[in-house]
4 protein chains.
Amino acid sequence: MTKISFTSDYLEGAHPLIINRLVETNLCQTPGYGADEICDSARKKIRTACHAPEAAVHFLTGGTQTNATVIDALLHGYEGVLAADTGHISGHEAGAIEFGGHKVLMIPHKNGKLVASDIKSYLQTFYDDGNCDHMVQPGMVYLSQPSEYGTLYKKQELIEIHEICQTYHIPLYVDGARLAYALACPENDVQLSDLAKLTDAFYIGGTKCGALLGEAVVIPDAKRLPHFFTTVKQHGALLAKGRLLGIQFDVLFTDNLYGNIGKTAIFAADKIRKELKEKGYRLFFEAPTNQIFVILENEQMKQLATQVEFSFWEKFDEQHTVVRLATSWVTGEEAVNQLIKLL
Amino acid sequence: MTKISFTSDYLEGAHPLIINRLVETNLCQTPGYGADEICDSARKKIRTACHAPEAAVHFLTGGTQTNATVIDALLHGYEGVLAADTGHISGHEAGAIEFGGHKVLMIPHKNGKLVASDIKSYLQTFYDDGNCDHMVQPGMVYLSQPSEYGTLYKKQELIEIHEICQTYHIPLYVDGARLAYALACPENDVQLSDLAKLTDAFYIGGTKCGALLGEAVVIPDAKRLPHFFTTVKQHGALLAKGRLLGIQFDVLFTDNLYGNIGKTAIFAADKIRKELKEKGYRLFFEAPTNQIFVILENEQMKQLATQVEFSFWEKFDEQHTVVRLATSWVTGEEAVNQLIKLL
Amino acid sequence: MTKISFTSDYLEGAHPLIINRLVETNLCQTPGYGADEICDSARKKIRTACHAPEAAVHFLTGGTQTNATVIDALLHGYEGVLAADTGHISGHEAGAIEFGGHKVLMIPHKNGKLVASDIKSYLQTFYDDGNCDHMVQPGMVYLSQPSEYGTLYKKQELIEIHEICQTYHIPLYVDGARLAYALACPENDVQLSDLAKLTDAFYIGGTKCGALLGEAVVIPDAKRLPHFFTTVKQHGALLAKGRLLGIQFDVLFTDNLYGNIGKTAIFAADKIRKELKEKGYRLFFEAPTNQIFVILENEQMKQLATQVEFSFWEKFDEQHTVVRLATSWVTGEEAVNQLIKLL
Amino acid sequence: MTKISFTSDYLEGAHPLIINRLVETNLCQTPGYGADEICDSARKKIRTACHAPEAAVHFLTGGTQTNATVIDALLHGYEGVLAADTGHISGHEAGAIEFGGHKVLMIPHKNGKLVASDIKSYLQTFYDDGNCDHMVQPGMVYLSQPSEYGTLYKKQELIEIHEICQTYHIPLYVDGARLAYALACPENDVQLSDLAKLTDAFYIGGTKCGALLGEAVVIPDAKRLPHFFTTVKQHGALLAKGRLLGIQFDVLFTDNLYGNIGKTAIFAADKIRKELKEKGYRLFFEAPTNQIFVILENEQMKQLATQVEFSFWEKFDEQHTVVRLATSWVTGEEAVNQLIKLL
């Protein structure tokens with residue numbers, strides 16, 4: 001018997017509508033590198049969904065790649081990127097940001113998130129230091145929505161961070177690897193159009209949100225990053241058969257599939273969270289999206305692991321461990337019920 | 001009426017068997033990053049096909065990315081890569097090699113290829129120069145099979161280049177973006193097992209040879225590049241749903257599909273070449289694979305362009321232009337006949 | 001009236017013996033790039049002083065440059081460097097390490113120093129993590145003797161760190177920007193020959209220890225870093241008139257000048273420290289070398305600043321600030337007495 | 001008996017006035033990193049000499065370092081630098097430009113120089129290519145005055161290159177490693193003020209023109225390169241005791257020493273050239289500055305080498321070799337006469 005798996009949200013292939021479209025279009029001939037009509041159609045739909053008619057939209061293949069490419073494009077050579085110490089770029093991307101020559105300047109997180117006042121205080125302290133010319137210049141702010149711990153930025157929080165960025169003339173970039181799961185949360189008040197208004201660039205995650213692969217970078221003001229296409233190619237991030245990405249985002253942005261695709265995951269996660277709380281489990285973070293970080297006794301963890309797959313996250317203390325359960329757009333009721341039975 | 005297109009070999013999706021397999025496996029759950037069983041199966045089949053039981057096999061998403069990643073992994077920081085001036089890395093990869101800090105050291109091509117004696121003479125002259133410590137050290141040889149102009153290296157030519165590399169203690173790397181079209185040529189005498197014997201690394205091209213995307217890097221002696229997985233991630237080249245690549249290569253290496261998939265293209269290209277010669281057209285290079293470089297009078301070119309799509313390659317002289325016609329694994333007889341009629 | 005200055009140890013030119021030698025040799029003709037006889041002589045003397053007859057010795061111009069060059073040479077592309085969070089490379093080198101593509105992996109300091117057990121625990125935790133392939137590989141250890149806070153590693157501490165490095169097969173590199181001030185301390189038990197035995201590379205600081213400029217990199221086993229000369233040139237760190245550096249180190253390593261040049265500084269610093277303690281000042285760190293970190297009330301600091309120049313280091317709390325007083329090889333008794341009077 | 005040496009223009013120390021000033025100022029206390037009064041004075045004098053009151057002036061230590069730093073600062077990440085194939089950055093800087101991530105885009109030289117129409121034609125061809133987004137964007141023009149072969153750009157030639165740069169919105173940067181030797185030539189019509197008018201940045205060479213080390217970067221419009229100080233530090237090019245460079249340039253720009261220091265070299269070179277021509281030697285290039293490239297029969301070369309030191313430059317043909325004789329600010333009449341006797 002195979003175990004039920006809650007290890008991540010990229011266990012399966014793609015949403016059936018995407019697969020259908022791949023089958024249908026398979027033998028059509030299209031030009032390469034995203035210059036085809038399907039990519040154009042997807043770009044148009046994304047611009048519409050973001051209320052950003054002037055936006056440039058580029059399709060890349062993965063999250064680490066997208067972060068490295070956009071961050072390198074947004075920064076000057078002498079600048080680094082401000083991020084939460086729990087940010088994906090801080091520790092989990094094998095040095096892809098540094099490979100581009102940039103330092104990640106870490107700020108302690110609060111619930112997995114950056115707080116506007118912490119960014120402000122970092123910048124103030126930095127510029128107050130008479131030796132700041134000898135240090136990496138803070139050149140942009142990076143954050144993830146939802147955060148790496150599944151928490152959500154409220155619109156007001158993003159507005160505050162945006163304002164600090166404006167004051168210090170540095171861009172704001174949002175990593176939306178799991179953006180669909182934010183959009184599917186009832187408590188979420190940040191829409192695509194808000195991101196388009198408040199950021200200099202953000203990406204709409206495909207890989208973890210129902211696509212085979214692919215992330216759509218949105219640059220609300222296309223003129224902000226001239227020659228971004230060449231930067232993408234230089235980073236090895238340009239797909240020859242660009243339509244493979246265009247097709248997927250075209251489907252995801254038809255009939256608001258992207259806005260709805262995360263709902264199954266949230267429904268499942270909420271059910272699991274409710275159950276965990278009722279049974280007295282401690283959650284590491286209160287978070288409303290598809291990732292659940294729960295603190296287990298080590299023995300308990302070992303036993304659960306015999307029947308469920310999940311991710312080991314970090315040691316909590318000698319007796320306890322934080323583990324992650326992730327639901328996805330395809331998590332079935334049966335699996336959830338099985339898990340609940342085992343808790 | 002749409003024009004018939006001979007612009008490239010990545011106009012369509014994937015071989016139907018690949019699409020079928022994607023459909024079948026779509027809802028299976030597998031771990032990410034290439035740690036799944038399908039990737040394992042594909043790796044095994046590739047090792048077998050290459051007679052290289054100790055080989056490491058890694059799946060990346062595109063050619064420029066693969067070249068940049070492998071070359072960066074093979075070189076020390078102070079080294080550059082020797083390549084033909086017509087090599088793909090020399091001018092067509094947006095500086096991806098330089099982005100990794102390495103210079104491309106160009107050697108004039110002969111029929112699109114490097115010649116062993118030219119490499120030797122480059123290296124001799126380099127080390128004879130008393131100031132060679134002030135220059136980029138030649139750290140490896142890069143070549144493409146087939147070359148960027150569709151020509152093929154004979155096994156004996158590769159052996160000679162391999163020997164020079166051995167003498168100078170530098171690795172040899174082969175870019176096989178269009179390798180299937182070499183394997184499908186009757187005059188080809190270089191098998192996968194030869195590449196495994198003669199190179200330190202090579203890649204088996206998927207994108208241009210019937211896959212949606214994907215290139216399989218083969219490192220015949222896995223210990224040659226420790227931590228290559230981390231290098232791949234650092235370069236933004238690691239796919240989360242690695243199985244998307246595993247599935248395709250598993251199909252391509254089942255029942256020798258990869259060995260046969262290029263035959264249609266070669267058949268079509270041979271027919272076109274024969275016709276061109278009979279009608280007195282001049283070929284820019286005599287080449288046996290799926291790319292045909294033909295010299296057209298500018299007027300002739302313009303007229304042909306009204307009914308056929310092809311690639312402008314380079315100016316030949318004031319009155320003539322070199323254009324490229326590419327056939328592929330899916331080029332139909334009808335399209336070939338139409339083209340022939342128009343010539 | 002000019003203020004007395006304790007801002008740093010690079011306020012003056014060079015030791016008079018160095019200046020004399022520059023004057024004497026000024027019109028001699030020598031080959032460039034360190035290939036001259038004076039550089040050879042300096043290298044020989046350094047090898048002798050280090051009991052390292054097989055060592056390669058290279059002269060570079062400054063500390064940040066030397067760190068960036070040596071670290072880049074010691075690391076593979078996928079590796080980062082372990083350093084104390086207070087290490088010079090962590091925050092004060094404008095991202096020079098990241099410019100070379102490498103991440104600085106920070107470990108919390110103890111008295112400005114790395115502790116062997118912390119390094120071990122970092123490495124154990126790293127390799128225990130099933131996802132360690134997705135992260136920057138820890139590729140070497142960097143530390144400064146004396147540390148950035150003026151504290152000293154005992155020989156036993158270095159032996160322990162060396163052993164961990166051996167266990168994990170990673171090199172150890174020591175930044176000796178202020179090494180002369182360590183060598184001049186009575187409590188110091190780490191000699192040049194110990195550094196040559198325990199490290200893969202270290203540098204003997206000139207700029208802060210009596211030279212106009214210059215740092216001497218010692219690679220105890222020359223074969224450890226082949227083509228280091230080319231790496232130096234690639235980093236823009238190769239001086240055309242290399243003899244300018246050779247002359248200075250030749251003088252510094254004649255009659256043990258380097259071993260003695262820091263004594264004046266230590267004498268002065270000890271006197272100031274004694275006085276500070278007697279007057280009830282709190283030292284931020286107990287440190288025996290030429291840097292004194294003292295915690296001042298903000299008012300007190302402002303008043304002192306009207307007559308003495310020193311470095312603002314960091315905020316201690318709302319009412320207090322840490323300031324640095326640095327003595328040097330040329331600090332006179334008069335200045336020390338003046339300072340003491342003002343305390 | 002030591003041979004007379006014409007190998008280069010950096011065989012000796014510094015102009016005696018510089019040495020005197022170093023001796024005089026040796027024990028003065030000054031702040032570090034170029035923030036001292038002497039550097040300020042030197043910067044002012046250079047601004048005046050360049051008729052560029054708004055210029056930023058930065059002192060770096062060597063030519064390769066300066067080129068790498070300025071070029072990296074002027075280029076966007078996706079851009080490369082246009083240079084003559086004989087340009088110093090093209091082959092003689094150990095890949096320092098590529099280390100910063102940028103490609104050197106080579107244009108064939110004419111007499112060691114770039115020609116405006118060749119640059120224009122490169123740019124036109126580049127932008128006419130429908131695939132130019134897939135290639136490194138040409139982001140600036142680099143040239144040396146005098147060129148690497150000792151030839152001089154006329155003012156009109158620089159104006160034409162400047163105009164093309166303006167048309168294509170790319171900066172122009174001039175490497176003045178040997179600028180003093182241009183300024184000392186009677187046929188030179190390019191003054192410092194012309195460089196300040198026509199370039200976005202240039203550097204005034206010290207190392208080869210009478211200083212111990214040092215190059216002064218002039219950025220005529222200081223706002224053109226914000227945070228250049230941090231870029232300099234990031235490149236390891238910031239000298240702690242910045243005054244060492246300030247002192248030298250302050251002397252060089254007092255009483256027009258820099259304008260005159262090359263005259264001895266030109267006088268000597270002219271005399272040697274005249275003699276060579278009279279004796280029927282063939283010059284590789286007609287050039288008026290301090291470098292003489294002469295074609296010698298191999299036998300002749302070997303014999304001359306027994307009594308004179310010079311630089312082997314390149315093979316001319318099987319029987320002949322190009323060698324370089326370089327004079328300098330300190331070349332004596334006696335050495336010239338000795339050489340002439342031996343020719």
# chains A, B, ... in the order shown; residues from 1 in each chain; ligands from 1
$ interface_residues --of "chain D" --to "chain B" --cutoff "7 Å" --atoms "only C-alpha atoms" --output "list of chain:residue names"
D:Gly91, D:His92, D:Glu93, D:Ala94, D:Gly95, D:Glu98, D:Phe99, D:Gly100, D:Gly101, D:His102, D:Lys103, D:His134, D:Met135, D:Val136
$ write_last_selection --atoms "N, CA, C and O atoms" --output "PDB file, in the first residue's frame"
ATOM      1  N   GLY D  91      42.295  40.502 -24.851  1.00  0.00           N
ATOM      2  CA  GLY D  91      43.064  39.283 -24.658  1.00  0.00           C
ATOM      3  C   GLY D  91      44.051  39.298 -23.518  1.00  0.00           C
ATOM      4  O   GLY D  91      44.562  38.261 -23.127  1.00  0.00           O
ATOM      5  N   HIS D  92      44.311  40.469 -22.961  1.00  0.00           N
ATOM      6  CA  HIS D  92      45.436  40.547 -22.023  1.00  0.00           C
ATOM      7  C   HIS D  92      45.052  40.815 -20.580  1.00  0.00           C
ATOM      8  O   HIS D  92      45.873  41.243 -19.780  1.00  0.00           O
ATOM      9  N   GLU D  93      43.785  40.599 -20.234  1.00  0.00           N
ATOM     10  CA  GLU D  93      43.407  40.913 -18.858  1.00  0.00           C
ATOM     11  C   GLU D  93      42.850  39.692 -18.137  1.00  0.00           C
ATOM     12  O   GLU D  93      42.069  39.828 -17.195  1.00  0.00           O
ATOM     13  N   ALA D  94      43.235  38.508 -18.591  1.00  0.00           N
ATOM     14  CA  ALA D  94      42.911  37.269 -17.860  1.00  0.00           C
ATOM     15  C   ALA D  94      41.420  37.087 -17.614  1.00  0.00           C
ATOM     16  O   ALA D  94      41.013  36.440 -16.664  1.00  0.00           O
ATOM     17  N   GLY D  95      40.597  37.676 -18.496  1.00  0.00           N
ATOM     18  CA  GLY D  95      39.160  37.470 -18.344  1.00  0.00           C
ATOM     19  C   GLY D  95      38.532  38.328 -17.264  1.00  0.00           C
ATOM     20  O   GLY D  95      37.455  38.000 -16.766  1.00  0.00           O
ATOM     21  N   GLU D  98      35.022  39.412 -18.304  1.00  0.00           N
ATOM     22  CA  GLU D  98      34.073  38.293 -18.230  1.00  0.00           C
ATOM     23  C   GLU D  98      33.807  37.924 -16.767  1.00  0.00           C
ATOM     24  O   GLU D  98      32.709  37.496 -16.435  1.00  0.00           O
ATOM     25  N   PHE D  99      34.782  38.073 -15.908  1.00  0.00           N
ATOM     26  CA  PHE D  99      34.584  37.801 -14.486  1.00  0.00           C
ATOM     27  C   PHE D  99      33.423  38.654 -13.953  1.00  0.00           C
ATOM     28  O   PHE D  99      32.673  38.228 -13.076  1.00  0.00           O
ATOM     29  N   GLY D 100      33.269  39.844 -14.488  1.00  0.00           N
ATOM     30  CA  GLY D 100      32.144  40.705 -14.117  1.00  0.00           C
ATOM     31  C   GLY D 100      30.870  40.367 -14.871  1.00  0.00           C
ATOM     32  O   GLY D 100      29.853  41.039 -14.699  1.00  0.00           O
ATOM     33  N   GLY D 101      30.911  39.338 -15.717  1.00  0.00           N
ATOM     34  CA  GLY D 101      29.711  38.873 -16.393  1.00  0.00           C
ATOM     35  C   GLY D 101      29.497  39.431 -17.786  1.00  0.00           C
ATOM     36  O   GLY D 101      28.440  39.195 -18.382  1.00  0.00           O
ATOM     37  N   HIS D 102      30.494  40.127 -18.319  1.00  0.00           N
ATOM     38  CA  HIS D 102      30.282  40.803 -19.596  1.00  0.00           C
ATOM     39  C   HIS D 102      31.161  40.243 -20.706  1.00  0.00           C
ATOM     40  O   HIS D 102      32.328  39.923 -20.492  1.00  0.00           O
ATOM     41  N   LYS D 103      30.606  40.203 -21.895  1.00  0.00           N
ATOM     42  CA  LYS D 103      31.344  39.731 -23.068  1.00  0.00           C
ATOM     43  C   LYS D 103      32.076  40.904 -23.714  1.00  0.00           C
ATOM     44  O   LYS D 103      31.562  42.019 -23.741  1.00  0.00           O
ATOM     45  N   HIS D 134      18.516  37.788 -28.831  1.00  0.00           N
ATOM     46  CA  HIS D 134      19.130  36.547 -28.339  1.00  0.00           C
ATOM     47  C   HIS D 134      20.631  36.696 -28.133  1.00  0.00           C
ATOM     48  O   HIS D 134      21.308  35.735 -27.809  1.00  0.00           O
ATOM     49  N   MET D 135      21.125  37.900 -28.377  1.00  0.00           N
ATOM     50  CA  MET D 135      22.575  38.087 -28.310  1.00  0.00           C
ATOM     51  C   MET D 135      22.918  39.162 -27.283  1.00  0.00           C
ATOM     52  O   MET D 135      22.070  39.939 -26.859  1.00  0.00           O
ATOM     53  N   VAL D 136      24.179  39.187 -26.905  1.00  0.00           N
ATOM     54  CA  VAL D 136      24.662  40.210 -25.985  1.00  0.00           C
ATOM     55  C   VAL D 136      24.449  41.581 -26.610  1.00  0.00           C
ATOM     56  O   VAL D 136      24.856  41.818 -27.743  1.00  0.00           O
TER      57      VAL D 136
END
$ residues_around --residues "stretch 233-250 of chain C" --least-positions-apart "6" --cutoff "6 Å" --atoms "only C-alpha atoms" --output "ChimeraX atom specification"
/C:18,32-34,38-39,42,60,214 /D:64-65,94-96
$ write_last_selection --atoms "N, CA, C and O atoms" --output "PDB file, in the first residue's frame"
ATOM      1  N   ILE C  18      61.088  51.316   5.214  1.00  0.00           N
ATOM      2  CA  ILE C  18      60.462  51.042   3.910  1.00  0.00           C
ATOM      3  C   ILE C  18      60.642  52.243   2.986  1.00  0.00           C
ATOM      4  O   ILE C  18      61.028  52.101   1.817  1.00  0.00           O
ATOM      5  N   GLY C  32      58.345  43.527 -14.428  1.00  0.00           N
ATOM      6  CA  GLY C  32      57.081  43.797 -13.741  1.00  0.00           C
ATOM      7  C   GLY C  32      56.420  42.567 -13.149  1.00  0.00           C
ATOM      8  O   GLY C  32      56.957  41.467 -13.203  1.00  0.00           O
ATOM      9  N   TYR C  33      55.287  42.790 -12.532  1.00  0.00           N
ATOM     10  CA  TYR C  33      54.371  41.733 -12.095  1.00  0.00           C
ATOM     11  C   TYR C  33      54.964  40.783 -11.054  1.00  0.00           C
ATOM     12  O   TYR C  33      54.600  39.610 -11.003  1.00  0.00           O
ATOM     13  N   GLY C  34      55.914  41.282 -10.279  1.00  0.00           N
ATOM     14  CA  GLY C  34      56.448  40.455  -9.202  1.00  0.00           C
ATOM     15  C   GLY C  34      57.541  39.491  -9.617  1.00  0.00           C
ATOM     16  O   GLY C  34      57.954  38.645  -8.821  1.00  0.00           O
ATOM     17  N   ILE C  38      63.725  41.570  -6.011  1.00  0.00           N
ATOM     18  CA  ILE C  38      63.337  42.019  -4.665  1.00  0.00           C
ATOM     19  C   ILE C  38      62.122  41.222  -4.190  1.00  0.00           C
ATOM     20  O   ILE C  38      62.056  40.781  -3.044  1.00  0.00           O
ATOM     21  N   CYS C  39      61.159  41.030  -5.085  1.00  0.00           N
ATOM     22  CA  CYS C  39      60.007  40.195  -4.727  1.00  0.00           C
ATOM     23  C   CYS C  39      60.480  38.790  -4.359  1.00  0.00           C
ATOM     24  O   CYS C  39      59.992  38.194  -3.394  1.00  0.00           O
ATOM     25  N   ALA C  42      61.878  38.816  -0.938  1.00  0.00           N
ATOM     26  CA  ALA C  42      60.812  38.920   0.069  1.00  0.00           C
ATOM     27  C   ALA C  42      60.095  37.595   0.234  1.00  0.00           C
ATOM     28  O   ALA C  42      59.786  37.164   1.350  1.00  0.00           O
ATOM     29  N   LEU C  60      49.440  41.147  -2.957  1.00  0.00           N
ATOM     30  CA  LEU C  60      48.273  41.866  -3.469  1.00  0.00           C
ATOM     31  C   LEU C  60      48.214  43.229  -2.788  1.00  0.00           C
ATOM     32  O   LEU C  60      49.026  43.515  -1.905  1.00  0.00           O
ATOM     33  N   GLY C 214      49.629  46.724   0.703  1.00  0.00           N
ATOM     34  CA  GLY C 214      50.128  45.396   0.386  1.00  0.00           C
ATOM     35  C   GLY C 214      49.806  44.336   1.414  1.00  0.00           C
ATOM     36  O   GLY C 214      49.838  44.590   2.624  1.00  0.00           O
TER      37      GLY C 214
ATOM     38  N   THR D  64      44.117  46.924 -15.479  1.00  0.00           N
ATOM     39  CA  THR D  64      43.123  45.866 -15.649  1.00  0.00           C
ATOM     40  C   THR D  64      41.988  46.066 -14.655  1.00  0.00           C
ATOM     41  O   THR D  64      40.807  45.966 -15.004  1.00  0.00           O
ATOM     42  N   GLN D  65      42.356  46.357 -13.432  1.00  0.00           N
ATOM     43  CA  GLN D  65      41.375  46.625 -12.388  1.00  0.00           C
ATOM     44  C   GLN D  65      40.469  47.801 -12.760  1.00  0.00           C
ATOM     45  O   GLN D  65      39.250  47.746 -12.590  1.00  0.00           O
ATOM     46  N   ALA D  94      43.235  38.508 -18.591  1.00  0.00           N
ATOM     47  CA  ALA D  94      42.911  37.269 -17.860  1.00  0.00           C
ATOM     48  C   ALA D  94      41.420  37.087 -17.614  1.00  0.00           C
ATOM     49  O   ALA D  94      41.013  36.440 -16.664  1.00  0.00           O
ATOM     50  N   GLY D  95      40.597  37.676 -18.496  1.00  0.00           N
ATOM     51  CA  GLY D  95      39.160  37.470 -18.344  1.00  0.00           C
ATOM     52  C   GLY D  95      38.532  38.328 -17.264  1.00  0.00           C
ATOM     53  O   GLY D  95      37.455  38.000 -16.766  1.00  0.00           O
ATOM     54  N   ALA D  96      39.166  39.446 -16.921  1.00  0.00           N
ATOM     55  CA  ALA D  96      38.620  40.297 -15.850  1.00  0.00           C
ATOM     56  C   ALA D  96      37.261  40.881 -16.228  1.00  0.00           C
ATOM     57  O   ALA D  96      36.408  41.094 -15.362  1.00  0.00           O
TER      58      ALA D  96
END
$ atom_distance --atom1 "atom CA of D:His109" --atom2 "atom CA of D:Tyr281"
23.4 Å
$ residues_around --residues "A:Leu152" --least-positions-apart "6" --cutoff "7 Å" --atoms "only C-alpha atoms" --output "list in words"
Gln145, Pro146 and Ala182 of chain A
$ atom_distance --atom1 "atom CA of B:Thr25" --atom2 "atom CA of A:Gly176"
26.7 Å
$ select_by_dssp --residues "stretch 83-141 of chain D" --states "alpha helix (DSSP H)" --output "list of chain:residue names"
D:His88, D:Ile89, D:Ser90, D:Gly91, D:Ala96, D:Ile97, D:Glu98, D:Phe99, D:Ala116, D:Ser117, D:Asp118, D:Ile119, D:Lys120, D:Ser121, D:Tyr122, D:Leu123, D:Gln124, D:Thr125, D:Phe126, D:Tyr127, D:Asp128
$ closest_residue --among "B:Tyr258, B:Val115, B:Arg178, B:Arg43" --to "B:Ile159" --atoms "only C-alpha atoms"
B:Val115
$ residues_around --residues "A:Val57" --least-positions-apart "6" --cutoff "7 Å" --atoms "only C-alpha atoms" --output "PyMOL selection string"
chain A and resi 43+216-219
$ write_last_selection --atoms "N, CA and C atoms" --output "compact mmCIF listing (two decimals), in the first residue's frame"
# COMPACT_ATOMS: atom_id res chain seq x y z
N ARG A 43 -0.71 36.25 -22.38
CA ARG A 43 -0.24 37.55 -21.87
C ARG A 43 -1.39 38.54 -21.76
N ALA A 216 4.80 33.06 -14.45
CA ALA A 216 4.57 34.22 -15.30
C ALA A 216 5.02 35.49 -14.59
N VAL A 217 6.08 36.08 -15.11
CA VAL A 217 6.57 37.33 -14.53
C VAL A 217 5.75 38.50 -15.07
N VAL A 218 5.24 39.31 -14.17
CA VAL A 218 4.48 40.49 -14.58
C VAL A 218 5.28 41.73 -14.18
N ILE A 219 5.58 42.56 -15.17
CA ILE A 219 6.26 43.83 -14.91
C ILE A 219 5.26 44.92 -15.27
$ select_by_dssp --residues "stretch 175-331 of chain B" --states "strand (DSSP E or B)" --output "PyMOL selection string"
chain B and resi 175-176+201-205+215-219+282-283+291-297+308-309+311-315+320-326
$ residues_around --residues "B:Leu179" --least-positions-apart "3" --cutoff "9 Å" --atoms "only C-alpha atoms" --output "VMD selection string"
chain B and resid 144 to 146 175 to 176 182 to 184 203 to 206 208 to 209 262
$ atom_distance --atom1 "atom CA of B:Val232" --atom2 "atom CA of B:Thr61"
10.6 Å
$ residues_around --residues "A:Val322" --least-positions-apart "3" --cutoff "12 Å" --atoms "only C-alpha atoms" --output "list in words"
Tyr149, Tyr281, Arg282, Leu283, Phe284, Phe285, Ile292, Phe293, Val294, Ile295, Leu296, Glu297, Asn298, Gln300, Met301, Phe310, Ser311, Phe312, Trp313, Glu314, Lys315, Phe316, Asp317, Glu318, Gln319 and Leu325 of chain A
$ closest_residue --among "B:Tyr168, B:Tyr10, B:Phe253, B:Tyr153" --to "B:Cys185" --atoms "only C-alpha atoms"
B:Tyr153
